[in-house]
Each structure stands twice: as structure tokens, then as C-alpha cells.
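Colleague: input_6.pdb (PDB, C-alpha atoms, pLDDT in the B column) pasted underneath:
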```
ATOM      1  CA  MET X   1     -42.880 -10.267  11.461  1.00 80.00           C
ATOM      2  CA  GLY X   2     -42.623 -13.993  12.099  1.00 79.00           C
ATOM      3  CA  ALA X   3     -45.685 -14.159  14.332  1.00 79.00           C
ATOM      4  CA  VAL X   4     -48.208 -12.200  12.287  1.00 88.00           C
ATOM      5  CA  THR X   5     -46.941 -10.888   8.988  1.00 93.00           C
ATOM      6  CA  TYR X   6     -45.063 -13.766   7.361  1.00 94.00           C
ATOM      7  CA  PRO X   7     -47.782 -16.367   8.086  1.00 94.00           C
ATOM      8  CA  ASP X   8     -50.301 -14.179   6.257  1.00 95.00           C
ATOM      9  CA  LEU X   9     -51.403 -16.044   3.144  1.00 95.00           C
ATOM     10  CA  THR X  10     -51.020 -13.085   0.781  1.00 96.00           C
ATOM     11  CA  VAL X  11     -47.579 -12.161   2.097  1.00 97.00           C
ATOM     12  CA  ALA X  12     -46.362 -15.768   1.989  1.00 96.00           C
ATOM     13  CA  ASN X  13     -47.633 -16.222  -1.562  1.00 96.00           C
ATOM     14  CA  LEU X  14     -45.969 -12.998  -2.728  1.00 97.00           C
ATOM     15  CA  LEU X  15     -42.650 -13.981  -1.176  1.00 97.00           C
ATOM     16  CA  ASN X  16     -42.726 -17.542  -2.501  1.00 97.00           C
ATOM     17  CA  THR X  17     -43.859 -16.548  -5.987  1.00 97.00           C
ATOM     18  CA  TYR X  18     -41.993 -13.356  -6.802  1.00 97.00           C
ATOM     19  CA  PHE X  19     -38.904 -13.426  -4.587  1.00 97.00           C
ATOM     20  CA  ILE X  20     -36.134 -15.671  -3.338  1.00 97.00           C
ATOM     21  CA  PRO X  21     -36.898 -15.390   0.388  1.00 98.00           C
ATOM     22  CA  VAL X  22     -33.758 -15.533   2.529  1.00 97.00           C
ATOM     23  CA  GLN X  23     -33.882 -15.131   6.297  1.00 96.00           C
ATOM     24  CA  VAL X  24     -30.785 -14.874   8.482  1.00 95.00           C
ATOM     25  CA  ASN X  25     -30.227 -14.221  12.184  1.00 94.00           C
ATOM     26  CA  ILE X  26     -28.437 -10.867  12.381  1.00 93.00           C
ATOM     27  CA  GLU X  27     -26.376 -12.063  15.342  1.00 89.00           C
ATOM     28  CA  GLU X  28     -24.960 -14.952  13.298  1.00 90.00           C
ATOM     29  CA  VAL X  29     -24.008 -13.041  10.133  1.00 92.00           C
ATOM     30  CA  SER X  30     -22.171  -9.939  11.333  1.00 89.00           C
ATOM     31  CA  GLU X  31     -20.151  -9.521   8.124  1.00 92.00           C
ATOM     32  CA  LEU X  32     -23.277  -9.727   5.976  1.00 93.00           C
ATOM     33  CA  ALA X  33     -25.127  -7.342   8.293  1.00 93.00           C
ATOM     34  CA  ASP X  34     -22.278  -4.833   8.031  1.00 94.00           C
ATOM     35  CA  ARG X  35     -22.282  -5.119   4.248  1.00 94.00           C
ATOM     36  CA  TYR X  36     -25.974  -4.243   4.103  1.00 94.00           C
ATOM     37  CA  LEU X  37     -25.802  -1.658   6.906  1.00 93.00           C
ATOM     38  CA  ALA X  38     -28.264  -3.679   8.944  1.00 91.00           C
ATOM     39  CA  LYS X  39     -28.220  -2.327  12.470  1.00 88.00           C
ATOM     40  CA  TRP X  40     -31.872  -2.724  13.369  1.00 88.00           C
ATOM     41  CA  THR X  41     -34.432  -5.466  12.886  1.00 89.00           C
ATOM     42  CA  PRO X  42     -36.682  -6.264  11.157  1.00 91.00           C
ATOM     43  CA  ASN X  43     -34.456  -5.257   8.277  1.00 94.00           C
ATOM     44  CA  LEU X  44     -35.654  -6.159   4.794  1.00 96.00           C
ATOM     45  CA  ASN X  45     -33.516  -5.793   1.686  1.00 97.00           C
ATOM     46  CA  VAL X  46     -34.546  -6.503  -1.883  1.00 97.00           C
ATOM     47  CA  LEU X  47     -31.447  -7.491  -3.855  1.00 96.00           C
ATOM     48  CA  ASP X  48     -30.701  -8.271  -7.461  1.00 94.00           C
ATOM     49  CA  GLY X  49     -28.273 -10.916  -8.685  1.00 91.00           C
ATOM     50  CA  LYS X  50     -25.366  -8.486  -8.471  1.00 93.00           C
ATOM     51  CA  GLU X  51     -26.102  -7.897  -4.787  1.00 94.00           C
ATOM     52  CA  ASN X  52     -27.359  -4.391  -5.467  1.00 95.00           C
ATOM     53  CA  VAL X  53     -29.876  -3.174  -2.899  1.00 96.00           C
ATOM     54  CA  ILE X  54     -32.947  -2.284  -4.939  1.00 96.00           C
ATOM     55  CA  TYR X  55     -35.152  -1.519  -1.950  1.00 97.00           C
ATOM     56  CA  LYS X  56     -34.624  -1.436   1.798  1.00 96.00           C
ATOM     57  CA  ILE X  57     -36.913  -0.970   4.764  1.00 95.00           C
ATOM     58  CA  GLU X  58     -36.532  -1.276   8.521  1.00 93.00           C
ATOM     59  CA  GLY X  59     -39.164  -1.838  11.172  1.00 90.00           C
ATOM     60  CA  TRP X  60     -42.238  -3.967  11.613  1.00 92.00           C
ATOM     61  CA  LEU X  61     -45.062  -3.857   9.098  1.00 92.00           C
ATOM     62  CA  PRO X  62     -48.511  -5.468   9.266  1.00 95.00           C
ATOM     63  CA  PRO X  63     -49.466  -7.911   6.498  1.00 96.00           C
ATOM     64  CA  SER X  64     -51.274  -5.484   4.196  1.00 96.00           C
ATOM     65  CA  GLU X  65     -48.422  -2.968   4.363  1.00 96.00           C
ATOM     66  CA  THR X  66     -45.874  -5.705   3.748  1.00 97.00           C
ATOM     67  CA  ALA X  67     -47.820  -6.925   0.721  1.00 97.00           C
ATOM     68  CA  ALA X  68     -47.944  -3.396  -0.699  1.00 98.00           C
ATOM     69  CA  MET X  69     -44.236  -2.905   0.004  1.00 97.00           C
ATOM     70  CA  LEU X  70     -43.296  -6.166  -1.726  1.00 98.00           C
ATOM     71  CA  ILE X  71     -45.212  -5.271  -4.878  1.00 98.00           C
ATOM     72  CA  LEU X  72     -43.716  -1.775  -4.833  1.00 98.00           C
ATOM     73  CA  ALA X  73     -40.207  -3.202  -4.392  1.00 97.00           C
ATOM     74  CA  ARG X  74     -40.753  -5.562  -7.311  1.00 97.00           C
ATOM     75  CA  GLY X  75     -41.769  -2.546  -9.367  1.00 98.00           C
ATOM     76  CA  HIS X  76     -38.496  -0.880  -8.424  1.00 98.00           C
ATOM     77  CA  TYR X  77     -36.658  -4.046  -9.460  1.00 97.00           C
ATOM     78  CA  PHE X  78     -38.255  -3.884 -12.911  1.00 97.00           C
ATOM     79  CA  LEU X  79     -37.559  -0.161 -13.130  1.00 97.00           C
ATOM     80  CA  HIS X  80     -33.885  -0.797 -12.343  1.00 96.00           C
ATOM     81  CA  TYR X  81     -33.703  -3.277 -15.233  1.00 95.00           C
ATOM     82  CA  LYS X  82     -35.565  -0.926 -17.585  1.00 97.00           C
ATOM     83  CA  LYS X  83     -38.605  -3.194 -17.802  1.00 97.00           C
ATOM     84  CA  PHE X  84     -40.762  -0.125 -17.583  1.00 98.00           C
ATOM     85  CA  GLN X  85     -44.129  -1.622 -18.489  1.00 98.00           C
ATOM     86  CA  ASP X  86     -43.697  -4.388 -15.919  1.00 98.00           C
ATOM     87  CA  ALA X  87     -42.738  -1.761 -13.356  1.00 98.00           C
ATOM     88  CA  VAL X  88     -45.811   0.336 -14.138  1.00 98.00           C
ATOM     89  CA  THR X  89     -48.001  -2.753 -13.821  1.00 98.00           C
ATOM     90  CA  ASP X  90     -46.683  -3.388 -10.311  1.00 98.00           C
ATOM     91  CA  PHE X  91     -46.976   0.250  -9.244  1.00 98.00           C
ATOM     92  CA  GLU X  92     -50.560   0.256 -10.539  1.00 98.00           C
ATOM     93  CA  LYS X  93     -51.235  -2.947  -8.615  1.00 98.00           C
ATOM     94  CA  VAL X  94     -50.181  -1.238  -5.382  1.00 98.00           C
ATOM     95  CA  LEU X  95     -52.548   1.622  -6.151  1.00 98.00           C
ATOM     96  CA  SER X  96     -55.502  -0.561  -7.103  1.00 98.00           C
ATOM     97  CA  THR X  97     -55.105  -3.155  -4.336  1.00 98.00           C
ATOM     98  CA  TYR X  98     -53.724  -1.061  -1.472  1.00 97.00           C
ATOM     99  CA  PRO X  99     -54.749   2.555  -2.228  1.00 97.00           C
ATOM    100  CA  ARG X 100     -54.645   3.514   1.449  1.00 96.00           C
ATOM    101  CA  SER X 101     -51.251   1.971   2.097  1.00 97.00           C
ATOM    102  CA  SER X 102     -48.410   4.191   3.255  1.00 96.00           C
ATOM    103  CA  PHE X 103     -46.581   2.898   0.158  1.00 97.00           C
ATOM    104  CA  ALA X 104     -49.275   4.052  -2.267  1.00 98.00           C
ATOM    105  CA  PRO X 105     -47.934   7.609  -2.742  1.00 98.00           C
ATOM    106  CA  GLU X 106     -44.509   6.226  -3.676  1.00 98.00           C
ATOM    107  CA  ALA X 107     -46.179   3.845  -6.116  1.00 98.00           C
ATOM    108  CA  GLN X 108     -48.084   6.778  -7.646  1.00 98.00           C
ATOM    109  CA  TYR X 109     -44.855   8.759  -7.992  1.00 98.00           C
ATOM    110  CA  TYR X 110     -42.930   5.951  -9.654  1.00 98.00           C
ATOM    111  CA  LYS X 111     -45.837   4.972 -11.863  1.00 98.00           C
ATOM    112  CA  GLY X 112     -45.323   8.376 -13.433  1.00 98.00           C
ATOM    113  CA  VAL X 113     -41.576   7.830 -13.643  1.00 98.00           C
ATOM    114  CA  GLY X 114     -42.046   4.420 -15.260  1.00 98.00           C
ATOM    115  CA  ARG X 115     -44.547   5.687 -17.801  1.00 98.00           C
ATOM    116  CA  TYR X 116     -42.285   8.592 -18.696  1.00 98.00           C
ATOM    117  CA  LEU X 117     -39.176   6.447 -19.065  1.00 98.00           C
ATOM    118  CA  ASP X 118     -41.129   4.052 -21.268  1.00 97.00           C
ATOM    119  CA  SER X 119     -42.721   6.637 -23.536  1.00 97.00           C
ATOM    120  CA  HIS X 120     -40.636   9.813 -23.070  1.00 96.00           C
ATOM    121  CA  GLU X 121     -43.983  11.621 -23.063  1.00 96.00           C
ATOM    122  CA  VAL X 122     -43.925  14.213 -20.321  1.00 96.00           C
ATOM    123  CA  ASP X 123     -47.722  14.275 -20.277  1.00 96.00           C
ATOM    124  CA  GLU X 124     -47.700  10.725 -18.904  1.00 96.00           C
ATOM    125  CA  LEU X 125     -45.535  11.836 -16.010  1.00 97.00           C
ATOM    126  CA  LYS X 126     -47.753  14.859 -15.414  1.00 96.00           C
ATOM    127  CA  GLU X 127     -50.905  12.749 -15.388  1.00 96.00           C
ATOM    128  CA  GLU X 128     -49.594  10.543 -12.588  1.00 97.00           C
ATOM    129  CA  TRP X 129     -48.087  13.358 -10.582  1.00 96.00           C
ATOM    130  CA  ILE X 130     -51.313  15.383 -10.792  1.00 96.00           C
ATOM    131  CA  ALA X 131     -53.070  12.307  -9.397  1.00 96.00           C
ATOM    132  CA  LEU X 132     -50.413  12.180  -6.682  1.00 97.00           C
ATOM    133  CA  GLN X 133     -51.087  15.799  -5.738  1.00 95.00           C
ATOM    134  CA  ARG X 134     -54.807  15.124  -5.734  1.00 95.00           C
ATOM    135  CA  PHE X 135     -54.993  11.829  -3.851  1.00 96.00           C
ATOM    136  CA  TYR X 136     -51.936  11.989  -1.582  1.00 97.00           C
ATOM    137  CA  PRO X 137     -51.338  15.734  -1.022  1.00 95.00           C
ATOM    138  CA  ALA X 138     -49.814  15.290   2.442  1.00 95.00           C
ATOM    139  CA  SER X 139     -47.194  12.767   1.392  1.00 96.00           C
ATOM    140  CA  THR X 140     -43.514  13.516   0.956  1.00 95.00           C
ATOM    141  CA  TRP X 141     -43.890  12.147  -2.567  1.00 96.00           C
ATOM    142  CA  ALA X 142     -46.362  14.906  -3.397  1.00 95.00           C
ATOM    143  CA  VAL X 143     -43.729  17.418  -2.289  1.00 93.00           C
ATOM    144  CA  ARG X 144     -41.154  15.767  -4.545  1.00 91.00           C
ATOM    145  CA  SER X 145     -43.498  15.889  -7.514  1.00 92.00           C
ATOM    146  CA  ASN X 146     -44.430  19.534  -7.007  1.00 82.00           C
ATOM    147  CA  VAL X 147     -42.105  20.890  -9.693  1.00 76.00           C
TER     148      VAL X 147
ATOM    149  CA  MET Q 148     -63.283 -18.612  11.261  1.00 48.00           C
ATOM    150  CA  GLU Q 149     -59.492 -18.469  11.308  1.00 55.00           C
ATOM    151  CA  LYS Q 150     -57.970 -16.765   8.310  1.00 66.00           C
ATOM    152  CA  ASP Q 151     -56.051 -19.034   5.940  1.00 77.00           C
ATOM    153  CA  LYS Q 152     -52.377 -19.163   6.801  1.00 89.00           C
ATOM    154  CA  GLY Q 153     -49.389 -19.288   4.505  1.00 90.00           C
ATOM    155  CA  LYS Q 154     -45.845 -20.500   4.951  1.00 93.00           C
ATOM    156  CA  VAL Q 155     -42.805 -18.774   3.520  1.00 95.00           C
ATOM    157  CA  ASP Q 156     -40.237 -21.171   2.055  1.00 95.00           C
ATOM    158  CA  TRP Q 157     -37.297 -19.433   3.686  1.00 97.00           C
ATOM    159  CA  ILE Q 158     -33.738 -20.147   2.651  1.00 96.00           C
ATOM    160  CA  THR Q 159     -31.370 -19.723   5.582  1.00 95.00           C
ATOM    161  CA  ASN Q 160     -28.120 -19.556   3.623  1.00 95.00           C
ATOM    162  CA  TYR Q 161     -27.311 -16.298   1.832  1.00 96.00           C
ATOM    163  CA  GLU Q 162     -25.071 -17.879  -0.805  1.00 94.00           C
ATOM    164  CA  THR Q 163     -27.743 -20.411  -1.684  1.00 95.00           C
ATOM    165  CA  GLY Q 164     -30.144 -17.517  -2.133  1.00 95.00           C
ATOM    166  CA  LEU Q 165     -27.706 -15.783  -4.477  1.00 94.00           C
ATOM    167  CA  ASP Q 166     -27.465 -18.921  -6.594  1.00 93.00           C
ATOM    168  CA  ARG Q 167     -31.249 -19.113  -6.772  1.00 93.00           C
ATOM    169  CA  ILE Q 168     -31.425 -15.524  -8.092  1.00 93.00           C
ATOM    170  CA  GLN Q 169     -29.334 -16.570 -11.072  1.00 89.00           C
ATOM    171  CA  THR Q 170     -31.419 -19.631 -11.896  1.00 91.00           C
ATOM    172  CA  GLU Q 171     -34.885 -18.272 -11.156  1.00 92.00           C
ATOM    173  CA  LYS Q 172     -34.360 -14.667 -12.336  1.00 89.00           C
ATOM    174  CA  LYS Q 173     -36.168 -13.204  -9.357  1.00 94.00           C
ATOM    175  CA  PRO Q 174     -34.991 -10.683  -6.761  1.00 96.00           C
ATOM    176  CA  MET Q 175     -34.001 -11.800  -3.276  1.00 97.00           C
ATOM    177  CA  LEU Q 176     -35.838 -10.630  -0.177  1.00 97.00           C
ATOM    178  CA  LEU Q 177     -33.124 -10.719   2.478  1.00 97.00           C
ATOM    179  CA  ASP Q 178     -34.585 -10.492   5.966  1.00 96.00           C
ATOM    180  CA  PHE Q 179     -32.267  -9.894   8.927  1.00 95.00           C
ATOM    181  CA  PHE Q 180     -34.087 -10.930  12.082  1.00 91.00           C
ATOM    182  CA  LYS Q 181     -33.268 -11.163  15.765  1.00 89.00           C
ATOM    183  CA  GLU Q 182     -34.474 -13.872  18.129  1.00 83.00           C
ATOM    184  CA  GLY Q 183     -36.923 -12.844  20.811  1.00 69.00           C
TER     185      GLY Q 183
END
```
What would you get if you wrote out this structure as C-alpha cells?
Modeller:
Amino acid sequence: MGAVTYPDLTVANLLNTYFIPVQVNIEEVSELADRYLAKWTPNLNVLDGKENVIYKIEGWLPPSETAAMLILARGHYFLHYKKFQDAVTDFEKVLSTYPRSSFAPEAQYYKGVGRYLDSHEVDELKEEWIALQRFYPASTWAVRSNV
Amino acid sequence: MEKDKGKVDWITNYETGLDRIQTEKKPMLLDFFKEG
């Protein structure tokens, strides 16, 4: 991550602008690693101020995938705090900017969730999940939305 | 032409990061890494 992904301008700007970026050597913080069940690196955790893990991912990602993941994770952060319109905006940004990302189907799924939680209109959920079935039929998220 | 590079302003102390969450109202991205 340090050689290719973090020096990417888009990734660096996202981290500096929308997150508090904290980087620790797993071999020097064993208690912290145990607390966050970090057994493998890279190991990225998006936390809120109460130390809740909002999003977690292990393994290397290229810059474009990392950028999509960061925007998606921020959407989850907003969803957790019931800022549904902000969440939907971020999920939509993943879809419009990184439609071929491996994180796009999850963004499509939760865009529906965010719209539904904001409006309580089931048609808004259906609209997004139909799009999920159409554009990402092979994803696990399409399976989860096939109700 | 080389692509423009960025630089992440990493904090290397977890507690400092927690304090910054409270003041800046942003989530933390906590990255566990291993040398080499």
C-alpha cells in the first residue's frame, strides 16, 4: 500500500480530506491489534469516535479500488449516524466514479438501503435493487437483494 | 509524464487520532501495516 496506493493523488486527497489517517506498525501495537482483530496486513479499519468499527478490509488494493472503498466506507459512516442523504450521496459517488469497482455492487445495495431509510418508501429500495440485479447480477450483493 | 503524487498526513499515535476524531468530526482510517 505504501509503495503504490497511498502515494496516489486521489487516495491521498481522500484520506487527508475525509478521514483522520492513522498508521501503526502491527508489531509495535499488539494490544491494539488484538482489540481490532488485526491478524493480517494490510488491515484497514474505519472507526468512529466511540471506537466502533464502521468498515474493515484486509489485503492489498490498487489505488482506484482503495478510492472506491474509502468513499463507500464514508457512506457507511453516514449511514451509521443516520445521515441518510449524505450516505446516499457517497454511495452514488462510488457508482458514478468507479462503476466497475469491486465495491460498486455494495454501494448499489446500500444506496437502496439509504434511500429507503430516509424516505420509508419501499419503491426507492426496489429501484436500486433492480439496478443491482441488472448491472451486477453475479455479485453476492445481488444475491442478498433477491428477495 | 509521471502521474502527480500525493502524500498522506499520517498520524502514528492512535490516541492522538482518537482526539482528532472528536475535534474534526471525521472518521478514522486506522491502518495496521508490517515492515517489509
Colleague: Can you check which residues of chain Q have any atom within 6 Å of chain X? Use all atoms listed in the file and format it as an MDAnalysis selection string.
Modeller: chainID Q and resid 152:155 157:159 168 173:181
Colleague: For Phe135 in chain X, which residue among X:Asp123, X:Asp118, X:Glu106, X:Asp90 is the nearest when counting all atoms listed in the file?
Modeller: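 Distance minimum relative to Phe135 in chain X lands on X:Glu106.
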Colleague: Please evaluate the PyMOL selection byres ((chain X and resi 87) around 10) against the structure above and give the resulting residues as a count of residues only.
Modeller: 29
Colleague: Using Å and a single decimal, report how far CA of Ala67 in chain X sits from CA of Ser101 in chain X.
Modeller: 9.6 Å
Colleague: For a test of reading the model, state the distance in Å between CA of Met69 in chain X and CA of Pro137 in chain X, rounded to one decimal.
Modeller: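 Calculated distance between CA of Met69 in chain X and CA of Pro137 in chain X is 20.0 Å.
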Colleague: Could you work out how far CA of Pro62 in chain X lies from CA of Ser102 in chain X, giving the answer in Å with one decimal?
Modeller: 11.4 Å
Colleague: Generate the missing atoms of range 99-131 of chain X up to N, CA and C atoms and report them as a PDB file, in the coordinates of the input.
Modeller:
```pdb
ATOM      1  N   PRO X  99     -54.784   1.103  -2.013  1.00 97.00           N
ATOM      2  CA  PRO X  99     -54.749   2.555  -2.228  1.00 97.00           C
ATOM      3  C   PRO X  99     -54.545   3.375  -0.960  1.00 97.00           C
ATOM      4  N   ARG X 100     -54.831   2.783   0.191  1.00 96.00           N
ATOM      5  CA  ARG X 100     -54.645   3.514   1.449  1.00 96.00           C
ATOM      6  C   ARG X 100     -53.339   3.151   2.147  1.00 96.00           C
ATOM      7  N   SER X 101     -52.530   2.352   1.506  1.00 97.00           N
ATOM      8  CA  SER X 101     -51.251   1.971   2.097  1.00 97.00           C
ATOM      9  C   SER X 101     -50.317   3.176   2.185  1.00 97.00           C
ATOM     10  N   SER X 102     -49.425   3.137   3.150  1.00 96.00           N
ATOM     11  CA  SER X 102     -48.410   4.191   3.255  1.00 96.00           C
ATOM     12  C   SER X 102     -47.434   4.126   2.077  1.00 96.00           C
ATOM     13  N   PHE X 103     -47.454   3.031   1.325  1.00 97.00           N
ATOM     14  CA  PHE X 103     -46.581   2.898   0.158  1.00 97.00           C
ATOM     15  C   PHE X 103     -47.261   3.355  -1.135  1.00 97.00           C
ATOM     16  N   ALA X 104     -48.541   3.655  -1.066  1.00 98.00           N
ATOM     17  CA  ALA X 104     -49.275   4.052  -2.267  1.00 98.00           C
ATOM     18  C   ALA X 104     -48.744   5.353  -2.892  1.00 98.00           C
ATOM     19  N   PRO X 105     -48.456   6.390  -2.095  1.00 98.00           N
ATOM     20  CA  PRO X 105     -47.934   7.609  -2.742  1.00 98.00           C
ATOM     21  C   PRO X 105     -46.639   7.368  -3.513  1.00 98.00           C
ATOM     22  N   GLU X 106     -45.758   6.544  -2.965  1.00 98.00           N
ATOM     23  CA  GLU X 106     -44.509   6.226  -3.676  1.00 98.00           C
ATOM     24  C   GLU X 106     -44.810   5.473  -4.971  1.00 98.00           C
ATOM     25  N   ALA X 107     -45.789   4.576  -4.904  1.00 98.00           N
ATOM     26  CA  ALA X 107     -46.179   3.845  -6.116  1.00 98.00           C
ATOM     27  C   ALA X 107     -46.736   4.811  -7.165  1.00 98.00           C
ATOM     28  N   GLN X 108     -47.529   5.786  -6.716  1.00 98.00           N
ATOM     29  CA  GLN X 108     -48.084   6.778  -7.646  1.00 98.00           C
ATOM     30  C   GLN X 108     -46.967   7.595  -8.298  1.00 98.00           C
ATOM     31  N   TYR X 109     -45.990   7.980  -7.487  1.00 98.00           N
ATOM     32  CA  TYR X 109     -44.855   8.759  -7.992  1.00 98.00           C
ATOM     33  C   TYR X 109     -44.095   7.967  -9.072  1.00 98.00           C
ATOM     34  N   TYR X 110     -43.756   6.731  -8.730  1.00 98.00           N
ATOM     35  CA  TYR X 110     -42.930   5.951  -9.654  1.00 98.00           C
ATOM     36  C   TYR X 110     -43.729   5.377 -10.822  1.00 98.00           C
ATOM     37  N   LYS X 111     -45.036   5.329 -10.691  1.00 98.00           N
ATOM     38  CA  LYS X 111     -45.837   4.972 -11.863  1.00 98.00           C
ATOM     39  C   LYS X 111     -45.633   6.041 -12.938  1.00 98.00           C
ATOM     40  N   GLY X 112     -45.602   7.293 -12.494  1.00 98.00           N
ATOM     41  CA  GLY X 112     -45.323   8.376 -13.433  1.00 98.00           C
ATOM     42  C   GLY X 112     -43.932   8.269 -14.028  1.00 98.00           C
ATOM     43  N   VAL X 113     -42.958   7.971 -13.168  1.00 98.00           N
ATOM     44  CA  VAL X 113     -41.576   7.830 -13.643  1.00 98.00           C
ATOM     45  C   VAL X 113     -41.485   6.701 -14.669  1.00 98.00           C
ATOM     46  N   GLY X 114     -42.106   5.566 -14.352  1.00 98.00           N
ATOM     47  CA  GLY X 114     -42.046   4.420 -15.260  1.00 98.00           C
ATOM     48  C   GLY X 114     -42.705   4.711 -16.594  1.00 98.00           C
ATOM     49  N   ARG X 115     -43.863   5.366 -16.545  1.00 98.00           N
ATOM     50  CA  ARG X 115     -44.547   5.687 -17.801  1.00 98.00           C
ATOM     51  C   ARG X 115     -43.706   6.654 -18.635  1.00 98.00           C
ATOM     52  N   TYR X 116     -43.092   7.628 -17.957  1.00 98.00           N
ATOM     53  CA  TYR X 116     -42.285   8.592 -18.696  1.00 98.00           C
ATOM     54  C   TYR X 116     -41.053   7.929 -19.316  1.00 98.00           C
ATOM     55  N   LEU X 117     -40.380   7.101 -18.542  1.00 98.00           N
ATOM     56  CA  LEU X 117     -39.176   6.447 -19.065  1.00 98.00           C
ATOM     57  C   LEU X 117     -39.506   5.499 -20.214  1.00 98.00           C
ATOM     58  N   ASP X 118     -40.717   4.957 -20.194  1.00 97.00           N
ATOM     59  CA  ASP X 118     -41.129   4.052 -21.268  1.00 97.00           C
ATOM     60  C   ASP X 118     -41.490   4.807 -22.536  1.00 97.00           C
ATOM     61  N   SER X 119     -42.163   5.943 -22.369  1.00 97.00           N
ATOM     62  CA  SER X 119     -42.721   6.637 -23.536  1.00 97.00           C
ATOM     63  C   SER X 119     -41.966   7.914 -23.915  1.00 97.00           C
ATOM     64  N   HIS X 120     -41.270   8.496 -22.929  1.00 96.00           N
ATOM     65  CA  HIS X 120     -40.636   9.813 -23.070  1.00 96.00           C
ATOM     66  C   HIS X 120     -41.671  10.900 -23.341  1.00 96.00           C
ATOM     67  N   GLU X 121     -42.902  10.626 -22.954  1.00 96.00           N
ATOM     68  CA  GLU X 121     -43.983  11.621 -23.063  1.00 96.00           C
ATOM     69  C   GLU X 121     -44.168  12.258 -21.694  1.00 96.00           C
ATOM     70  N   VAL X 122     -43.856  13.545 -21.621  1.00 96.00           N
ATOM     71  CA  VAL X 122     -43.925  14.213 -20.321  1.00 96.00           C
ATOM     72  C   VAL X 122     -45.363  14.289 -19.793  1.00 96.00           C
ATOM     73  N   ASP X 123     -46.315  14.240 -20.712  1.00 96.00           N
ATOM     74  CA  ASP X 123     -47.722  14.275 -20.277  1.00 96.00           C
ATOM     75  C   ASP X 123     -48.079  13.048 -19.435  1.00 96.00           C
ATOM     76  N   GLU X 124     -47.413  11.928 -19.682  1.00 96.00           N
ATOM     77  CA  GLU X 124     -47.700  10.725 -18.904  1.00 96.00           C
ATOM     78  C   GLU X 124     -47.184  10.880 -17.474  1.00 96.00           C
ATOM     79  N   LEU X 125     -46.054  11.528 -17.348  1.00 97.00           N
ATOM     80  CA  LEU X 125     -45.535  11.836 -16.010  1.00 97.00           C
ATOM     81  C   LEU X 125     -46.471  12.803 -15.295  1.00 97.00           C
ATOM     82  N   LYS X 126     -46.872  13.847 -16.007  1.00 96.00           N
ATOM     83  CA  LYS X 126     -47.753  14.859 -15.414  1.00 96.00           C
ATOM     84  C   LYS X 126     -49.058  14.247 -14.933  1.00 96.00           C
ATOM     85  N   GLU X 127     -49.619  13.359 -15.741  1.00 96.00           N
ATOM     86  CA  GLU X 127     -50.905  12.749 -15.388  1.00 96.00           C
ATOM     87  C   GLU X 127     -50.818  12.038 -14.034  1.00 96.00           C
ATOM     88  N   GLU X 128     -49.746  11.286 -13.847  1.00 97.00           N
ATOM     89  CA  GLU X 128     -49.594  10.543 -12.588  1.00 97.00           C
ATOM     90  C   GLU X 128     -49.266  11.462 -11.427  1.00 97.00           C
ATOM     91  N   TRP X 129     -48.473  12.468 -11.676  1.00 96.00           N
ATOM     92  CA  TRP X 129     -48.087  13.358 -10.582  1.00 96.00           C
ATOM     93  C   TRP X 129     -49.229  14.301 -10.195  1.00 96.00           C
ATOM     94  N   ILE X 130     -50.105  14.624 -11.150  1.00 96.00           N
ATOM     95  CA  ILE X 130     -51.313  15.383 -10.792  1.00 96.00           C
ATOM     96  C   ILE X 130     -52.203  14.521  -9.901  1.00 96.00           C
ATOM     97  N   ALA X 131     -52.310  13.237 -10.249  1.00 96.00           N
ATOM     98  CA  ALA X 131     -53.070  12.307  -9.397  1.00 96.00           C
ATOM     99  C   ALA X 131     -52.441  12.213  -8.014  1.00 96.00           C
TER     100      ALA X 131
END
```
